[in-house]
Amino acid sequence: MSMSVPAADQNDSDSHIKSFYDFYDLAASSDDYKVTYCKSPENKSCIFCGRSYPEVSFQLKPHLVPELFGRNNILSNHECDSCNTAFNFHETQTATFVQPFLSMLGVKTKKGIPVFQSRKKPDQQTSTLRVEGNNRIFNIGTNLSDIVYDYEKKSVRITFRTRPFIPFSVYKVLLKMGISLMPEKDRALNPHLLDFLKVDHPVHNNVQHWTLYRYVMKGKMFGTPSAKLFRAKQVVVDNEEFPEFCLMMNFANVTLQFFLPITEINAANHDPARSLHIEIHPSFVLDDYERLKEIKTETLDLDQTEKVTLNEVMTAYYDRIDRDTKNDG
Ligand SMILES: [Zn+2]
């Protein structure tokens with residue numbers, strides 16, 4: 001489930017800050033897809049099932065960055081309707097995972113700003129958070145501890161108890177995004193990545209680093225979601241091996257860092273005597289060294305096929321509280 005790892009070491013030398021870029025280059029960005037969407041299905045083929053128009057239809061507007069992360073116009077020309085629809089389940093699971101951040105920051109998805117609803121036991125009432133204009137409206141169900149006020153600091157500490165979701169579905173959504181962004185020649189070289197989208201259970205054959213890293217930032221807001229695919233400059237440095245591809249995605253006040261499964265180039269250079277290097281320093285999201293301490297780093301194990309729940313704790317600052325103590329139940 002969720003585990004906290006220490007944030008960046010503030011006593012570290014400045015030279016450590018740029019280390020992610022020392023090892024990885026930008027390979028593709030969702031920014032490049034905004035203007036290139038083509039409505040006509042003629043000549044379209046699907047990178048996920050390999051079929052082409054008119055064998056499969058291309059009527060839906062497939063989002064390269066799913067709109068569960070926030071409204072966007074980042075569309076793909078290479079995803080058929082049936083592959084798009086087949087992912088609905090995984091996207092719903094992932095939406096539950098990210099919902100607290102969208103509700104808290106008031107990020108609009110296709111259906112507007114999601115209303116957060118906490119999980120509850122049968123005899124409990126759910127707590128909800130909805131956004132109206134600049135106001136956050138909390139409806140505390142039976143869990144009074146979900147919201148703790150600090151009147152002196154004018155802050156409120158909110159515990160978002162997410163409803164259950166499947167981490168393995170989050171894995172599939174992220175892997176699919178990574179494959180969509182991948183240059184065509186790399187996709188052709190790595191057909192096994194497509195297989196991993198289709199399996200019902202995680203393939204534990206040392207070809208996947210299963211940890212998802214999350215960096216939650218104070219006072220940072222990504223207006224629209226975006227995704228970037230990075231490629232290791234070298235897959236072997238000294239005595240360490242680097243996953244060739246790393247996906248970074250930004251939404252609300254969160255950056256997700258996901259390492260794609262080991263590629264053909266990784267496999268060709270593999271030596272069991274070497275160790276795997278996972279470069280997780282969150283410096284890539286902020287230029288300002290001082291603000292690194294405002295980042296909370298958390299992880300999620302993506303090979304879980306059973307539903308899990310998380311408690312996301314966030315602190316918000318307010319100008320005014322209007323209370324409505326009317327009790328409906
Ligand atoms: Zn398809």
# chains A, B, ... in the order shown; residues from 1 in each chain; ligands from 1
>>> closest_atom_pairs(of="chain A", to="ligand 1", cutoff="10 Å", atoms="only C-alpha atoms and all ligand atoms", output="tab-separated table")
residue	atom	partner	partner_atom_place_in_ligand_line	distance
A:Ser45	CA	ligand 1	1 (Zn)	7.7
A:Cys46	CA	ligand 1	1 (Zn)	4.6
A:Ile47	CA	ligand 1	1 (Zn)	6.6
A:Phe48	CA	ligand 1	1 (Zn)	5.0
A:Cys49	CA	ligand 1	1 (Zn)	4.1
A:Gly50	CA	ligand 1	1 (Zn)	6.3
A:Arg51	CA	ligand 1	1 (Zn)	6.0
A:Ser52	CA	ligand 1	1 (Zn)	8.0
A:Tyr53	CA	ligand 1	1 (Zn)	9.9
A:Glu55	CA	ligand 1	1 (Zn)	9.9
A:Val56	CA	ligand 1	1 (Zn)	7.2
A:Ser57	CA	ligand 1	1 (Zn)	8.8
A:Phe58	CA	ligand 1	1 (Zn)	9.1
A:His78	CA	ligand 1	1 (Zn)	8.0
A:Glu79	CA	ligand 1	1 (Zn)	5.5
A:Cys80	CA	ligand 1	1 (Zn)	4.3
A:Asp81	CA	ligand 1	1 (Zn)	6.7
A:Ser82	CA	ligand 1	1 (Zn)	5.8
A:Cys83	CA	ligand 1	1 (Zn)	4.3
A:Asn84	CA	ligand 1	1 (Zn)	7.2
A:Thr85	CA	ligand 1	1 (Zn)	9.5
A:Ala86	CA	ligand 1	1 (Zn)	9.2
>>> write_last_selection(atoms="N, CA and C atoms", output="CSV table (one decimal), in the first residue's frame")
chain,number,residue,atom,x,y,z
A,45,SER,N,-4.4,3.2,-38.0
A,45,SER,CA,-4.2,1.8,-37.5
A,45,SER,C,-4.0,1.9,-36.0
A,46,CYS,N,-4.2,0.8,-35.3
A,46,CYS,CA,-4.2,0.9,-33.8
A,46,CYS,C,-2.9,0.2,-33.3
A,47,ILE,N,-2.2,1.0,-32.5
A,47,ILE,CA,-0.9,0.4,-32.0
A,47,ILE,C,-1.1,-0.7,-31.0
A,48,PHE,N,-2.3,-0.8,-30.4
A,48,PHE,CA,-2.5,-1.8,-29.4
A,48,PHE,C,-2.9,-3.2,-29.9
A,49,CYS,N,-3.8,-3.2,-30.9
A,49,CYS,CA,-4.2,-4.5,-31.5
A,49,CYS,C,-3.7,-4.7,-32.9
A,50,GLY,N,-3.1,-3.7,-33.5
A,50,GLY,CA,-2.5,-3.9,-34.8
A,50,GLY,C,-3.4,-3.8,-35.9
A,51,ARG,N,-4.7,-3.6,-35.6
A,51,ARG,CA,-5.7,-3.6,-36.7
A,51,ARG,C,-5.9,-2.2,-37.3
A,52,SER,N,-6.4,-2.2,-38.5
A,52,SER,CA,-6.6,-0.9,-39.2
A,52,SER,C,-8.0,-0.6,-39.6
A,53,TYR,N,-8.3,0.7,-39.9
A,53,TYR,CA,-9.6,1.0,-40.5
A,53,TYR,C,-9.7,0.4,-41.9
A,55,GLU,N,-11.3,-2.3,-40.6
A,55,GLU,CA,-11.6,-3.5,-39.8
A,55,GLU,C,-12.0,-3.1,-38.4
A,56,VAL,N,-11.4,-2.1,-37.9
A,56,VAL,CA,-11.9,-1.5,-36.6
A,56,VAL,C,-12.2,-0.1,-36.8
A,57,SER,N,-13.1,0.5,-35.9
A,57,SER,CA,-13.6,1.8,-36.1
A,57,SER,C,-12.7,2.8,-35.2
A,58,PHE,N,-12.7,4.0,-35.7
A,58,PHE,CA,-12.0,5.1,-35.0
A,58,PHE,C,-12.9,6.3,-34.7
A,78,HIS,N,-3.9,6.7,-32.9
A,78,HIS,CA,-3.4,5.3,-33.1
A,78,HIS,C,-4.1,4.4,-32.1
A,79,GLU,N,-5.4,4.6,-31.8
A,79,GLU,CA,-6.1,3.8,-30.8
A,79,GLU,C,-7.5,3.6,-31.3
A,80,CYS,N,-7.8,2.3,-31.6
A,80,CYS,CA,-9.2,2.0,-32.1
A,80,CYS,C,-10.2,2.1,-31.0
A,81,ASP,N,-11.5,2.1,-31.4
A,81,ASP,CA,-12.6,2.2,-30.4
A,81,ASP,C,-12.6,1.0,-29.5
A,82,SER,N,-12.3,-0.2,-30.0
A,82,SER,CA,-12.5,-1.4,-29.1
A,82,SER,C,-11.3,-1.4,-28.1
A,83,CYS,N,-10.1,-1.0,-28.4
A,83,CYS,CA,-9.1,-0.9,-27.4
A,83,CYS,C,-9.3,0.2,-26.4
A,84,ASN,N,-9.9,1.3,-26.9
A,84,ASN,CA,-10.2,2.4,-26.1
A,84,ASN,C,-11.3,2.0,-25.0
A,85,THR,N,-12.3,1.3,-25.5
A,85,THR,CA,-13.4,0.9,-24.6
A,85,THR,C,-12.9,-0.2,-23.6
A,86,ALA,N,-12.0,-1.1,-24.1
A,86,ALA,CA,-11.5,-2.2,-23.2
A,86,ALA,C,-10.8,-1.6,-22.0
>>> residues_around(residues="Ser226 in chain A", least_positions_apart="5", cutoff="6 Å", atoms="only C-alpha atoms", output="PyMOL selection string")
chain A and resi 30+249-250
>>> write_last_selection(atoms="C-alpha atoms", output="mmCIF file, in the first residue's frame")
data_model
loop_
_atom_site.group_PDB
_atom_site.id
_atom_site.type_symbol
_atom_site.label_atom_id
_atom_site.label_comp_id
_atom_site.auth_asym_id
_atom_site.auth_seq_id
_atom_site.Cartn_x
_atom_site.Cartn_y
_atom_site.Cartn_z
ATOM 1 C CA SER A 30 2.238 14.811 -24.711
ATOM 2 C CA MET A 249 3.018 12.499 -15.576
ATOM 3 C CA ASN A 250 1.692 15.686 -14.003
#
>>> residues_around(residues="range 127-141 of chain A", least_positions_apart="2", cutoff="9 Å", atoms="only C-alpha atoms", output="mmCIF file with C-alpha atoms, in the first residue's frame")
data_model
loop_
_atom_site.group_PDB
_atom_site.id
_atom_site.type_symbol
_atom_site.label_atom_id
_atom_site.label_comp_id
_atom_site.auth_asym_id
_atom_site.auth_seq_id
_atom_site.Cartn_x
_atom_site.Cartn_y
_atom_site.Cartn_z
ATOM 1 C CA PRO A 100 -8.791 13.272 -3.779
ATOM 2 C CA SER A 103 -11.425 17.323 -5.783
ATOM 3 C CA MET A 104 -9.122 19.193 -3.452
ATOM 4 C CA LEU A 105 -7.579 21.319 -6.195
ATOM 5 C CA GLY A 106 -10.776 21.748 -8.167
ATOM 6 C CA ILE A 113 -14.823 18.577 -10.846
ATOM 7 C CA PRO A 114 -15.186 15.181 -9.178
ATOM 8 C CA VAL A 115 -17.037 15.072 -5.881
ATOM 9 C CA PHE A 116 -14.855 13.147 -3.479
ATOM 10 C CA GLN A 117 -16.700 10.465 -1.550
ATOM 11 C CA SER A 118 -14.908 8.661 1.223
ATOM 12 C CA ARG A 119 -15.235 4.955 1.782
ATOM 13 C CA LYS A 120 -17.469 3.850 4.604
ATOM 14 C CA GLN A 124 -21.479 4.857 8.401
ATOM 15 C CA GLN A 125 -22.180 7.930 6.338
ATOM 16 C CA ASN A 143 -15.996 10.152 10.613
ATOM 17 C CA LEU A 144 -15.452 13.422 12.450
ATOM 18 C CA SER A 145 -11.696 12.845 12.391
ATOM 19 C CA ASP A 146 -11.671 13.241 8.599
ATOM 20 C CA ILE A 147 -11.374 16.982 9.119
ATOM 21 C CA PHE A 160 -9.275 11.466 2.262
ATOM 22 C CA ARG A 161 -10.151 7.810 2.791
#
>>> residues_around(residues="Met177 in chain A", least_positions_apart="5", cutoff="8 Å", atoms="only C-alpha atoms", output="list in words")
Leu64, Val65 and Ala227 of chain A
>>> write_last_selection(atoms="N, CA and C atoms", output="PDB file, in the first residue's frame")
ATOM      1  N   LEU A  64      -4.729  10.412 -25.208  1.00  0.00           N
ATOM      2  CA  LEU A  64      -3.422   9.839 -24.875  1.00  0.00           C
ATOM      3  C   LEU A  64      -3.193   9.969 -23.365  1.00  0.00           C
ATOM      4  N   VAL A  65      -3.536  11.132 -22.832  1.00  0.00           N
ATOM      5  CA  VAL A  65      -3.557  11.325 -21.376  1.00  0.00           C
ATOM      6  C   VAL A  65      -5.035  11.230 -20.962  1.00  0.00           C
ATOM      7  N   ALA A 227       2.086  14.376 -19.906  1.00  0.00           N
ATOM      8  CA  ALA A 227       2.948  13.208 -19.683  1.00  0.00           C
ATOM      9  C   ALA A 227       4.199  13.347 -20.528  1.00  0.00           C
TER      10      ALA A 227
END
>>> atom_distance(atom1="CA of Ala273 in chain A", atom2="CA of Glu241 in chain A")
10.1 Å
>>> atom_distance(atom1="CA of Glu298 in chain A", atom2="CA of Asn205 in chain A")
24.7 Å
>>> closest_residue(among="A:Tyr215, A:Phe258, A:Phe168, A:Phe222", to="Val203 in chain A", atoms="only C-alpha atoms")
A:Phe168
>>> select_by_dssp(residues="range 157-267 of chain A", states="strand (DSSP E or B)", output="PyMOL selection string")
chain A and resi 157-161+165+211-217+222-232+236-237+240-241+245-252+254-259
>>> write_last_selection(atoms="C-alpha atoms", output="PDB file, in the first residue's frame")
ATOM      1  CA  ARG A 157      -6.142  18.845   7.814  1.00  0.00           C
ATOM      2  CA  ILE A 158      -8.250  16.534   5.719  1.00  0.00           C
ATOM      3  CA  THR A 159      -7.971  12.781   5.542  1.00  0.00           C
ATOM      4  CA  PHE A 160      -9.275  11.466   2.262  1.00  0.00           C
ATOM      5  CA  ARG A 161     -10.151   7.810   2.791  1.00  0.00           C
ATOM      6  CA  PHE A 165      -9.253   0.449  -6.252  1.00  0.00           C
ATOM      7  CA  THR A 211       6.897   0.767  -7.570  1.00  0.00           C
ATOM      8  CA  LEU A 212       5.043   3.901  -8.573  1.00  0.00           C
ATOM      9  CA  TYR A 213       6.514   7.068  -7.083  1.00  0.00           C
ATOM     10  CA  ARG A 214       4.249   9.976  -6.287  1.00  0.00           C
ATOM     11  CA  TYR A 215       5.419  13.485  -5.548  1.00  0.00           C
ATOM     12  CA  VAL A 216       2.748  15.640  -3.983  1.00  0.00           C
ATOM     13  CA  MET A 217       3.558  19.322  -3.978  1.00  0.00           C
ATOM     14  CA  PHE A 222      -0.530  21.730 -13.167  1.00  0.00           C
ATOM     15  CA  GLY A 223      -3.382  23.415 -15.036  1.00  0.00           C
ATOM     16  CA  THR A 224      -3.840  20.583 -17.494  1.00  0.00           C
ATOM     17  CA  PRO A 225      -2.403  17.103 -17.144  1.00  0.00           C
ATOM     18  CA  SER A 226       0.601  16.129 -19.244  1.00  0.00           C
ATOM     19  CA  ALA A 227       2.948  13.208 -19.683  1.00  0.00           C
ATOM     20  CA  LYS A 228       6.568  12.922 -20.693  1.00  0.00           C
ATOM     21  CA  LEU A 229       8.553   9.862 -21.652  1.00  0.00           C
ATOM     22  CA  PHE A 230      12.240   9.846 -20.793  1.00  0.00           C
ATOM     23  CA  ARG A 231      14.929   7.566 -22.166  1.00  0.00           C
ATOM     24  CA  ALA A 232      18.096   6.559 -20.330  1.00  0.00           C
ATOM     25  CA  VAL A 236      24.511   0.773 -18.132  1.00  0.00           C
ATOM     26  CA  VAL A 237      26.537   3.246 -16.060  1.00  0.00           C
ATOM     27  CA  GLU A 240      24.382  -0.221 -12.553  1.00  0.00           C
ATOM     28  CA  GLU A 241      21.611  -0.801 -15.057  1.00  0.00           C
ATOM     29  CA  PHE A 245      12.122   4.277 -20.288  1.00  0.00           C
ATOM     30  CA  CYS A 246      10.603   6.320 -17.512  1.00  0.00           C
ATOM     31  CA  LEU A 247       7.203   8.008 -17.664  1.00  0.00           C
ATOM     32  CA  MET A 248       6.498  11.201 -15.751  1.00  0.00           C
ATOM     33  CA  MET A 249       3.018  12.499 -15.576  1.00  0.00           C
ATOM     34  CA  ASN A 250       1.692  15.686 -14.003  1.00  0.00           C
ATOM     35  CA  PHE A 251      -1.841  16.413 -12.846  1.00  0.00           C
ATOM     36  CA  ALA A 252      -3.400  18.583 -10.132  1.00  0.00           C
ATOM     37  CA  VAL A 254       0.968  15.561  -8.260  1.00  0.00           C
ATOM     38  CA  THR A 255       3.759  14.091 -10.373  1.00  0.00           C
ATOM     39  CA  LEU A 256       3.789  10.344 -10.946  1.00  0.00           C
ATOM     40  CA  GLN A 257       7.005   8.577 -11.903  1.00  0.00           C
ATOM     41  CA  PHE A 258       6.672   5.165 -13.482  1.00  0.00           C
ATOM     42  CA  PHE A 259       9.381   2.927 -14.918  1.00  0.00           C
TER      43      PHE A 259
END
>>> atom_distance(atom1="CA of Pro167 in chain A", atom2="CA of Tyr21 in chain A")
28.1 Å
>>> residues_around(residues="Lys218 in chain A", least_positions_apart="5", cutoff="8 Å", atoms="only C-alpha atoms", output="list in words")
Asn253, Glu294 and Ile295 of chain A
>>> write_last_selection(atoms="N, CA and C atoms", output="short mmCIF file (atom, residue, chain, number, x, y, z; two decimals), in the first residue's frame")
data_model
loop_
_atom_site.label_atom_id
_atom_site.label_comp_id
_atom_site.auth_asym_id
_atom_site.auth_seq_id
_atom_site.Cartn_x
_atom_site.Cartn_y
_atom_site.Cartn_z
N ASN A 253 -1.77 18.61 -8.29
CA ASN A 253 -0.50 19.01 -7.65
C ASN A 253 0.41 17.79 -7.49
N GLU A 294 9.04 20.88 0.25
CA GLU A 294 7.59 20.95 0.20
C GLU A 294 6.99 19.78 -0.59
N ILE A 295 7.83 18.85 -0.93
CA ILE A 295 7.34 17.71 -1.70
C ILE A 295 7.24 16.49 -0.80
#
>>> select_by_dssp(residues="range 38-256 of chain A", states="alpha helix (DSSP H)", output="PyMOL selection string")
chain A and resi 81-86+88-105+167-181+184-189+192-198
>>> closest_residue(among="A:Tyr149, A:Phe87, A:Phe97, A:Tyr318", to="Leu175 in chain A", atoms="only C-alpha atoms")
A:Phe87
>>> closest_residue(among="A:Asn266, A:Ser180, A:Thr162, A:Thr299", to="Gln99 in chain A", atoms="only C-alpha atoms")
A:Thr162
